[in-house]
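**Student:** One file: query.txt (compact mmCIF, C-alpha atoms (C1' of nucleotides)).
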# COMPACT_ATOMS: atom_id res chain seq x y z
CA MET A 1 0.00 0.00 0.00
CA PRO A 2 2.59 2.63 0.91
CA GLU A 3 4.87 4.91 -1.12
CA GLY A 4 3.84 8.48 -1.72
CA PRO A 5 1.96 8.03 -5.00
CA SER A 6 -0.46 5.56 -3.42
CA ILE A 7 -1.36 8.14 -0.80
CA VAL A 8 -2.09 10.64 -3.56
CA ILE A 9 -4.51 8.10 -5.04
CA LEU A 10 -6.17 7.77 -1.63
CA LYS A 11 -6.61 11.54 -1.37
CA ASP A 12 -8.36 11.49 -4.70
CA ALA A 13 -10.53 8.52 -3.74
CA VAL A 14 -11.99 10.30 -0.69
CA LYS A 15 -12.17 13.88 -1.89
CA MET A 16 -15.97 13.75 -2.10
CA PHE A 17 -16.05 13.71 1.71
CA THR A 18 -14.22 17.02 2.00
CA GLY A 19 -16.28 19.47 4.02
CA GLN A 20 -18.53 16.70 5.31
CA LYS A 21 -19.33 15.96 8.95
CA ILE A 22 -18.45 12.60 10.46
CA ILE A 23 -21.66 11.09 11.81
CA ALA A 24 -20.19 7.87 13.20
CA VAL A 25 -16.75 6.60 14.19
CA THR A 26 -15.75 2.96 14.66
CA GLY A 27 -12.60 0.87 14.93
CA ASN A 28 -9.97 -0.32 17.39
CA SER A 29 -7.68 2.68 17.07
CA LYS A 30 -6.59 3.99 20.46
CA ILE A 31 -6.98 7.62 19.47
CA ASP A 32 -9.81 9.59 21.10
CA GLN A 33 -12.40 8.68 18.48
CA GLN A 34 -15.05 10.85 20.10
CA ARG A 35 -13.12 13.90 19.01
CA LEU A 36 -13.88 13.13 15.39
CA LEU A 37 -17.60 12.62 15.91
CA ASN A 38 -19.75 15.44 14.55
CA ASN A 39 -16.62 17.18 13.37
CA LYS A 40 -16.22 18.49 9.86
CA ILE A 41 -13.30 17.55 7.65
CA ILE A 42 -11.58 20.68 6.40
CA ALA A 43 -9.22 18.93 4.00
CA PHE A 44 -7.42 15.74 3.10
CA LYS A 45 -3.68 16.23 2.69
CA SER A 46 -0.58 14.13 2.46
CA TRP A 47 3.08 14.35 3.24
CA GLY A 48 5.10 11.53 1.79
CA LYS A 49 3.53 8.35 3.11
CA HIS A 50 1.45 10.21 5.69
CA PHE A 51 -2.25 10.60 4.98
CA LEU A 52 -3.67 13.60 6.82
CA ILE A 53 -7.29 14.24 7.73
CA CYS A 54 -7.51 17.87 8.75
CA PHE A 55 -10.01 19.29 11.21
CA LYS A 56 -10.28 22.80 12.52
CA ASP A 57 -8.22 22.23 15.66
CA PHE A 58 -6.28 19.02 15.00
CA THR A 59 -5.21 16.55 12.34
CA VAL A 60 -5.49 12.78 12.13
CA ARG A 61 -2.32 11.21 10.77
CA ILE A 62 -2.57 7.81 9.15
CA HIS A 63 0.47 5.75 8.20
CA PHE A 64 -0.08 2.50 6.35
CA LEU A 65 3.31 1.00 7.13
CA LEU A 66 3.80 -2.21 5.14
CA PHE A 67 0.37 -3.78 5.21
CA GLY A 68 -2.13 -1.02 5.80
CA SER A 69 -5.11 -0.60 3.53
CA TYR A 70 -8.39 1.26 3.14
CA LEU A 71 -11.74 0.83 1.47
CA VAL A 72 -14.27 3.46 0.44
CA ASN A 73 -17.91 2.43 0.86
CA GLU A 74 -16.81 -1.16 1.48
CA LYS A 75 -15.65 -3.31 4.35
CA LYS A 76 -13.30 -6.26 4.49
CA ASP A 77 -13.10 -9.30 6.70
CA ARG A 78 -10.50 -7.75 9.04
CA PRO A 79 -10.73 -5.65 12.18
CA VAL A 80 -11.39 -2.02 11.27
CA ARG A 81 -8.72 0.24 12.74
CA LEU A 82 -10.72 3.39 12.02
CA GLY A 83 -14.03 3.73 10.24
CA LEU A 84 -15.53 7.11 9.39
CA THR A 85 -19.16 7.40 8.35
CA PHE A 86 -20.59 10.35 6.47
CA LYS A 87 -24.08 11.10 5.22
CA THR A 88 -23.03 9.96 1.75
CA GLY A 89 -20.67 7.07 2.49
CA GLU A 90 -17.80 5.76 4.56
CA ILE A 91 -14.05 5.20 4.69
CA ASN A 92 -12.53 2.22 6.48
CA PHE A 93 -8.86 1.98 7.41
CA TYR A 94 -7.09 -1.28 8.27
CA ALA A 95 -3.79 -2.26 9.86
CA CYS A 96 -2.43 1.27 9.93
CA ALA A 97 -0.78 3.48 12.55
CA ILE A 98 -2.96 6.41 13.57
CA ARG A 99 -2.10 9.46 15.62
CA ILE A 100 -3.61 12.82 16.33
CA ILE A 101 -1.45 15.84 15.64
CA GLU A 102 -2.33 18.80 17.82
CA GLU A 103 0.10 21.30 16.35
CA ASP A 104 -0.36 23.29 13.18
CA ILE A 105 0.65 20.86 10.42
CA ASN A 106 2.45 23.62 8.57
CA ALA A 107 4.81 23.78 11.52
CA VAL A 108 5.15 19.98 11.66
CA TYR A 109 5.69 19.20 7.98
CA ASP A 110 8.26 20.44 5.53
CA TRP A 111 6.20 20.29 2.36
CA SER A 112 9.24 20.96 0.21
CA ALA A 113 10.59 17.53 1.20
CA ASP A 114 7.62 15.65 -0.28
CA VAL A 115 8.39 14.43 -3.79
CA MET A 116 4.68 14.47 -4.64
CA ASN A 117 4.08 18.02 -3.43
CA ASP A 118 4.02 21.10 -5.65
CA GLU A 119 6.40 22.68 -3.17
CA TRP A 120 9.00 19.94 -3.68
CA ASP A 121 12.38 21.66 -3.80
CA GLU A 122 15.28 19.96 -5.57
CA LYS A 123 17.84 22.44 -4.32
CA LYS A 124 16.89 21.88 -0.71
CA ALA A 125 17.18 18.15 -1.21
CA ILE A 126 20.67 18.55 -2.63
CA THR A 127 21.66 20.77 0.27
CA LYS A 128 20.49 18.12 2.72
CA LEU A 129 22.36 15.40 0.83
CA LYS A 130 25.57 17.38 0.83
CA LYS A 131 25.43 17.52 4.61
CA LEU A 132 25.46 13.71 4.68
CA PRO A 133 28.38 12.81 2.38
CA GLY A 134 28.96 9.40 3.94
CA LEU A 135 25.39 8.23 3.46
CA MET A 136 24.77 5.51 0.90
CA VAL A 137 22.37 6.60 -1.80
CA CYS A 138 20.12 3.59 -1.06
CA ASP A 139 19.66 4.98 2.45
CA ALA A 140 19.43 8.57 1.26
CA LEU A 141 16.44 7.85 -0.98
CA LEU A 142 14.62 6.17 1.89
CA THR A 143 15.24 9.10 4.25
CA GLN A 144 11.83 10.69 4.57
CA GLU A 145 13.16 14.06 5.76
CA ILE A 146 14.85 14.34 2.35
CA PHE A 147 12.67 12.28 -0.01
CA ALA A 148 9.30 11.99 1.74
CA GLY A 149 7.18 9.46 -0.12
CA VAL A 150 10.00 7.44 -1.66
CA GLY A 151 9.91 3.76 -0.71
CA ASN A 152 11.88 0.71 -1.65
CA ILE A 153 10.36 0.24 -5.09
CA ILE A 154 10.97 3.83 -6.13
CA LYS A 155 14.47 3.62 -4.65
CA ASN A 156 15.41 0.63 -6.77
CA GLU A 157 13.86 1.96 -9.95
CA VAL A 158 15.41 5.42 -9.62
CA LEU A 159 18.90 4.04 -9.03
CA TYR A 160 18.56 1.65 -11.94
CA ARG A 161 17.32 4.44 -14.18
CA ILE A 162 20.17 6.81 -13.35
CA CYS A 163 22.77 3.99 -13.44
CA VAL A 164 24.00 4.51 -9.90
CA HIS A 165 24.97 1.64 -7.60
CA PRO A 166 22.90 1.64 -4.39
CA GLU A 167 26.01 1.55 -2.20
CA SER A 168 27.44 4.74 -3.69
CA LYS A 169 28.11 7.53 -1.22
CA THR A 170 26.21 10.77 -1.71
CA GLY A 171 29.42 12.73 -1.18
CA LYS A 172 31.13 10.89 -4.04
CA LEU A 173 28.43 11.37 -6.65
CA PRO A 174 29.36 13.48 -9.69
CA ALA A 175 27.18 16.59 -9.90
CA ALA A 176 25.26 15.23 -12.87
CA LYS A 177 24.37 12.06 -10.96
CA MET A 178 23.36 14.05 -7.89
CA ASN A 179 21.06 16.15 -10.05
CA ALA A 180 19.63 13.08 -11.76
CA LEU A 181 18.98 11.42 -8.41
CA VAL A 182 16.95 14.31 -7.11
CA LYS A 183 15.21 14.88 -10.44
CA GLN A 184 14.18 11.28 -10.94
CA ALA A 185 12.97 10.82 -7.38
CA ARG A 186 10.06 13.05 -8.36
CA VAL A 187 9.77 12.14 -12.04
CA TYR A 188 9.63 8.41 -11.34
CA SER A 189 7.16 8.93 -8.49
CA PHE A 190 4.70 10.58 -10.88
CA GLU A 191 5.13 7.80 -13.41
CA PHE A 192 4.49 5.36 -10.57
CA LEU A 193 1.29 7.29 -9.82
CA GLU A 194 -0.02 6.95 -13.37
CA TRP A 195 0.91 3.28 -13.64
CA LYS A 196 -0.63 2.51 -10.27
CA LYS A 197 -3.86 4.25 -11.25
CA ASN A 198 -4.00 2.02 -14.31
CA TYR A 199 -3.23 -1.16 -12.30
CA GLU A 200 -0.10 -1.70 -14.35
CA LEU A 201 2.63 -0.74 -11.92
CA LYS A 202 4.53 -4.02 -11.78
CA LYS A 203 4.61 -4.29 -15.51
CA HIS A 204 6.89 -1.27 -15.60
CA TRP A 205 9.43 -2.45 -13.05
CA LEU A 206 12.86 -2.72 -14.61
CA ALA A 207 14.90 -3.55 -11.50
CA HIS A 208 12.69 -4.20 -8.48
CA THR A 209 12.28 -8.00 -8.11
CA LYS A 210 13.74 -8.50 -11.58
CA LYS A 211 16.29 -11.15 -12.46
CA THR A 212 18.01 -9.73 -15.51
CA CYS A 213 19.29 -6.37 -16.62
CA HIS A 214 17.53 -5.40 -19.82
CA ARG A 215 20.44 -3.18 -20.85
CA CYS A 216 23.25 -5.72 -20.77
CA GLU A 217 21.45 -9.01 -20.18
CA LEU A 218 23.57 -9.81 -17.11
CA PRO A 219 21.83 -11.08 -13.97
CA LEU A 220 20.71 -8.41 -11.52
CA ILE A 221 22.14 -8.55 -8.01
CA LYS A 222 19.74 -8.85 -5.09
CA LYS A 223 21.30 -7.69 -1.85
CA ILE A 224 20.33 -6.17 1.49
CA THR A 225 22.06 -2.80 1.49
CA GLY A 226 22.69 0.17 3.74
CA VAL A 227 21.93 0.88 7.37
CA LYS A 228 18.27 0.58 6.53
CA LYS A 229 18.87 -3.01 5.44
CA ARG A 230 16.35 -3.05 2.61
CA ARG A 231 16.73 -5.17 -0.46
CA SER A 232 18.31 -3.63 -3.51
CA PHE A 233 18.13 -4.96 -7.06
CA TYR A 234 20.86 -3.63 -9.29
CA CYS A 235 23.17 -4.30 -12.17
CA GLU A 236 26.84 -4.36 -11.24
CA HIS A 237 27.80 -3.61 -14.79
CA CYS A 238 25.41 -0.75 -15.62
CA GLN A 239 25.12 0.94 -12.23
CA LEU A 240 28.38 2.57 -11.30
CA LEU A 241 29.69 2.56 -7.75
CA TYR A 242 30.81 5.98 -6.58
CA ASP A 243 32.44 5.52 -3.22
CA LYS A 244 35.96 6.87 -3.56
C1' DT B 1 2.09 -23.94 3.90
C1' DA B 2 5.91 -21.15 4.94
C1' DT B 3 8.02 -17.18 3.57
C1' DA B 4 8.88 -12.66 2.38
C1' DA B 5 7.64 -8.08 1.69
C1' DT B 6 5.95 -1.05 -1.07
C1' DG B 7 7.58 0.54 6.71
C1' DT B 8 8.12 2.77 11.12
C1' DT B 9 8.39 3.05 16.13
C1' DT B 10 9.94 1.55 20.44
C1' DG B 11 12.82 0.26 23.97
C1' DA B 12 16.70 -2.51 25.27
C1' DA B 13 21.55 -3.02 24.69
C1' DC B 14 25.88 -1.28 23.83
C1' DA C 1 23.99 10.48 26.36
C1' DG C 2 24.20 9.01 21.82
C1' DT C 3 23.97 5.21 18.60
C1' DT C 4 22.58 0.58 17.13
C1' DC C 5 19.60 -3.12 16.86
C1' DA C 6 16.06 -6.47 17.23
C1' DA C 7 11.37 -6.84 18.07
C1' DA C 8 6.84 -5.69 17.36
C1' DC C 9 2.93 -4.84 14.47
C1' DA C 10 -0.15 -6.74 10.70
C1' DT C 11 -1.56 -8.72 5.67
C1' DT C 12 -1.35 -11.22 1.53
C1' DA C 13 0.69 -12.93 -2.72
C1' DT C 14 3.75 -16.47 -4.10
Would you encode the structure as C-alpha cells?

**Tutor:**
Amino acid sequence: MPEGPSIVILKDAVKMFTGQKIIAVTGNSKIDQQRLLNNKIIAFKSWGKHFLICFKDFTVRIHFLLFGSYLVNEKKDRPVRLGLTFKTGEINFYACAIRIIEEDINAVYDWSADVMNDEWDEKKAITKLKKLPGLMVCDALLTQEIFAGVGNIIKNEVLYRICVHPESKTGKLPAAKMNALVKQARVYSFEFLEWKKNYELKKHWLAHTKKTCHRCELPLIKKITGVKKRRSFYCEHCQLLYDK
DNA sequence: TATAATGTTTGAAC
DNA sequence: AGTTCAAACATTAT
C-alpha cells in the first residue's frame, strides 16, 4: 500500500467527503475517536507516506506501514482500525498506525521535502544530501526528511534508471548524478502514480524483483544494502559505484 | 504452507 | 547520552 503516489490516489478517492461531517466513528484505534464525531473535515492532505485528515483544531495522521489498507464504501473481513461514516458514504482503514497531531501541520511538515508536493524543492534536497556525504544513496532515498514518499520500489527503480549503484556515497556522486537522483525521485514517483492508477505498476518495473538487466542481459544482483537493510536490485555492470 | 515483503516506532543493549 | 539493533505490528501474494 505505501509509497507516496499511493497516498495521492487515496486523497483522490476520498475527496468527495471534504467538508462533510463525520456522523459515526468505529474501529480499534486507540486515538480519542469521540473527538472526530460530529466534526467536519476541512481537507485531506498528504506528506510523503502520511495521509492527513484535517479538522479545525487538529489533524489525524494515518500511516499504512507495510500492510495497511483502506476501502471506500466497502468493508473487508479484518478488524477495522478506524471507520468514518458520512451522510453519503464511509471510509474504512485497516492495519495502519494512527495518531492525532495537535500542532499546526504547517509547523510539523516540511512540504518541500515531499516528492509528490508542488512545493518539492530539488535544491533543498541537494543541500540536505551534501550535509550527509557518507550516506549511501540507497539509504538517502529512503530518508523521509529528504525524499518523503519514496519507498523501496521507487528507490530501486530510480537508481537503476540513473545507473548509480545503491552503495554509492552521496558525497562521491558526480554533480550530474546528484542532479539526476533528485530529479528522478520526483519524475519516477509521478510515473508510478499513473501506472498505479492504471493497475499496471509491476509491468513497468525494470529492476525491483527482476532477475536480468535489460540493458546488458547480465543477472541483476539482489542484496540487502545500507543501514536501513532493505533489499536492492541492481546491475553491477550498468550501475556505477561511486564511493571513492 | 511457509516465507517474504511497497515501513516505522519503540525500547533494550551497547 | 548518543547510537545501534532487534522486536513488534499486521496482511497477503507467491

**Student:** Would you list the contacts of stretch 4-14 of chain B as a list in words, taking every protein, DNA or RNA residue within 8 Å and counting all atoms listed in the file, but skipping same-chain residues closer than 4 positions in sequence?

**Tutor:**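 Those residues are Met1, Pro2, Glu3, Phe64, Leu65, Leu66, Gly151, Asn152 and Ile153 of chain A; DT4 of chain C.
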
**Student:** From the set A:Asp114, A:Tyr70, A:His204, A:Lys211, which residue has the shortest atom-to-atom contact distance to A:Ala185, counting only C-alpha atoms?

**Tutor:**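 Answer, going by the shortest atom-to-atom distance: A:Asp114.
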
**Student:** Go ahead and compute the interatomic distance for atom CA of A:Ile41 and atom CA of A:Met16, in Å to one decimal.

**Tutor:**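 Atom-to-atom, atom CA of A:Ile41 and atom CA of A:Met16 are spaced 10.8 Å apart.
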
**Student:** Which one is closest to C:DT12: A:Gly83, A:Pro166, A:Gly68, A:Pro133? Count all atoms listed in the file.

**Tutor:**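 Answer, going by the shortest atom-to-atom distance: A:Gly68.
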
**Student:** Can you pull out the residues contacting A:Ile154? Cut-off 12 Å, using only C-alpha atoms (C1' of nucleotides), and skip same-chain residues under 3 positions away; I want them as a PDB file with C-alpha atoms (C1' of nucleotides), keeping the file's coordinate frame.

**Tutor:**
ATOM      1  CA  PRO A   2       2.590   2.630   0.910  1.00  0.00           C
ATOM      2  CA  GLU A   3       4.870   4.910  -1.120  1.00  0.00           C
ATOM      3  CA  GLY A   4       3.840   8.480  -1.720  1.00  0.00           C
ATOM      4  CA  PRO A   5       1.960   8.030  -5.000  1.00  0.00           C
ATOM      5  CA  SER A   6      -0.460   5.560  -3.420  1.00  0.00           C
ATOM      6  CA  VAL A 115       8.390  14.430  -3.790  1.00  0.00           C
ATOM      7  CA  CYS A 138      20.120   3.590  -1.060  1.00  0.00           C
ATOM      8  CA  LEU A 141      16.440   7.850  -0.980  1.00  0.00           C
ATOM      9  CA  LEU A 142      14.620   6.170   1.890  1.00  0.00           C
ATOM     10  CA  PHE A 147      12.670  12.280  -0.010  1.00  0.00           C
ATOM     11  CA  ALA A 148       9.300  11.990   1.740  1.00  0.00           C
ATOM     12  CA  GLY A 149       7.180   9.460  -0.120  1.00  0.00           C
ATOM     13  CA  VAL A 150      10.000   7.440  -1.660  1.00  0.00           C
ATOM     14  CA  GLY A 151       9.910   3.760  -0.710  1.00  0.00           C
ATOM     15  CA  GLU A 157      13.860   1.960  -9.950  1.00  0.00           C
ATOM     16  CA  VAL A 158      15.410   5.420  -9.620  1.00  0.00           C
ATOM     17  CA  LEU A 159      18.900   4.040  -9.030  1.00  0.00           C
ATOM     18  CA  TYR A 160      18.560   1.650 -11.940  1.00  0.00           C
ATOM     19  CA  ARG A 161      17.320   4.440 -14.180  1.00  0.00           C
ATOM     20  CA  LEU A 181      18.980  11.420  -8.410  1.00  0.00           C
ATOM     21  CA  GLN A 184      14.180  11.280 -10.940  1.00  0.00           C
ATOM     22  CA  ALA A 185      12.970  10.820  -7.380  1.00  0.00           C
ATOM     23  CA  ARG A 186      10.060  13.050  -8.360  1.00  0.00           C
ATOM     24  CA  VAL A 187       9.770  12.140 -12.040  1.00  0.00           C
ATOM     25  CA  TYR A 188       9.630   8.410 -11.340  1.00  0.00           C
ATOM     26  CA  SER A 189       7.160   8.930  -8.490  1.00  0.00           C
ATOM     27  CA  PHE A 190       4.700  10.580 -10.880  1.00  0.00           C
ATOM     28  CA  GLU A 191       5.130   7.800 -13.410  1.00  0.00           C
ATOM     29  CA  PHE A 192       4.490   5.360 -10.570  1.00  0.00           C
ATOM     30  CA  LEU A 193       1.290   7.290  -9.820  1.00  0.00           C
ATOM     31  CA  LEU A 201       2.630  -0.740 -11.920  1.00  0.00           C
ATOM     32  CA  LYS A 202       4.530  -4.020 -11.780  1.00  0.00           C
ATOM     33  CA  HIS A 204       6.890  -1.270 -15.600  1.00  0.00           C
ATOM     34  CA  TRP A 205       9.430  -2.450 -13.050  1.00  0.00           C
ATOM     35  CA  LEU A 206      12.860  -2.720 -14.610  1.00  0.00           C
ATOM     36  CA  ALA A 207      14.900  -3.550 -11.500  1.00  0.00           C
ATOM     37  CA  HIS A 208      12.690  -4.200  -8.480  1.00  0.00           C
ATOM     38  CA  SER A 232      18.310  -3.630  -3.510  1.00  0.00           C
ATOM     39  CA  PHE A 233      18.130  -4.960  -7.060  1.00  0.00           C
TER      40      PHE A 233
ATOM     41  C1'  DT B   6       5.950  -1.050  -1.070  1.00  0.00           C
TER      42       DT B   6
END

**Student:** First collect every listed atom of chain B; then fit an axis-aligned box around them, widen it by 5 Å on each side, and give centre and edge lengths in Å to one decimal, as JSON.

**Tutor:**
{"center_x": 14.0, "center_y": -10.4, "center_z": 12.1, "size_x": 33.8, "size_y": 37.0, "size_z": 36.3}

**Student:** Return the neighbours of chain C among the residues of chain A, cut-off 12 Å, counting all atoms listed in the file, as a list in words.

**Tutor:**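 Selected residues: Met1, Phe64, Leu65, Leu66, Phe67, Gly68, Ser69, Asp77, Arg78, Pro79, Arg81, Tyr94, Ala95, Cys96, Ala97, Val227, Lys228 and Lys229 of chain A.
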
**Student:** Could you save the residues just selected, with C-alpha atoms, as a short mmCIF file (atom, residue, chain, number, x, y, z; two decimals), keeping the file's coordinate frame?

**Tutor:**
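Here's the written file out_15.cif:
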data_model
loop_
_atom_site.label_atom_id
_atom_site.label_comp_id
_atom_site.auth_asym_id
_atom_site.auth_seq_id
_atom_site.Cartn_x
_atom_site.Cartn_y
_atom_site.Cartn_z
CA MET A 1 0.00 0.00 0.00
CA PHE A 64 -0.08 2.50 6.35
CA LEU A 65 3.31 1.00 7.13
CA LEU A 66 3.80 -2.21 5.14
CA PHE A 67 0.37 -3.78 5.21
CA GLY A 68 -2.13 -1.02 5.80
CA SER A 69 -5.11 -0.60 3.53
CA ASP A 77 -13.10 -9.30 6.70
CA ARG A 78 -10.50 -7.75 9.04
CA PRO A 79 -10.73 -5.65 12.18
CA ARG A 81 -8.72 0.24 12.74
CA TYR A 94 -7.09 -1.28 8.27
CA ALA A 95 -3.79 -2.26 9.86
CA CYS A 96 -2.43 1.27 9.93
CA ALA A 97 -0.78 3.48 12.55
CA VAL A 227 21.93 0.88 7.37
CA LYS A 228 18.27 0.58 6.53
CA LYS A 229 18.87 -3.01 5.44
#

**Student:** In Å to one decimal, how far is atom CA of A:Glu145 from atom CA of A:Met116?

**Tutor:**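 Going from atom CA of A:Met116 over to atom CA of A:Glu145, I get 13.4 Å.
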
**Student:** A:Gln239: which residues within 7 Å, counting all atoms listed in the file, same-chain residues fewer than 3 positions away excluded, as a VMD selection string?

**Tutor:** chain A and resid 160 163 to 165 234 to 236

**Student:** Keeping only C-alpha atoms, write those residues as a PDB file, in the frame of the given file.

**Tutor:**
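Output saved as again.pdb:
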ATOM      1  CA  TYR A 160      18.560   1.650 -11.940  1.00  0.00           C
ATOM      2  CA  CYS A 163      22.770   3.990 -13.440  1.00  0.00           C
ATOM      3  CA  VAL A 164      24.000   4.510  -9.900  1.00  0.00           C
ATOM      4  CA  HIS A 165      24.970   1.640  -7.600  1.00  0.00           C
ATOM      5  CA  TYR A 234      20.860  -3.630  -9.290  1.00  0.00           C
ATOM      6  CA  CYS A 235      23.170  -4.300 -12.170  1.00  0.00           C
ATOM      7  CA  GLU A 236      26.840  -4.360 -11.240  1.00  0.00           C
TER       8      GLU A 236
END

**Student:** Would you mind reading off the distance between atom CA of A:Glu122 and atom CA of A:Gln144, one decimal, in Å?

**Tutor:**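 Interatomic distance here is 14.2 Å.
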
**Student:** Under the rule that only C-alpha atoms (C1' of nucleotides) are counted, which of A:Lys15, A:Lys123, A:Lys21, A:Arg231 is the nearest residue to chain B?

**Tutor:** A:Arg231

**Student:** Can you pull out the residues contacting A:Asn106? Cut-off 12 Å, using all atoms listed in the file, and skip same-chain residues under 3 positions away; I want them as a ChimeraX atom specification.

**Tutor:** /A:45-47,52,54,58-59,101-103,109-112
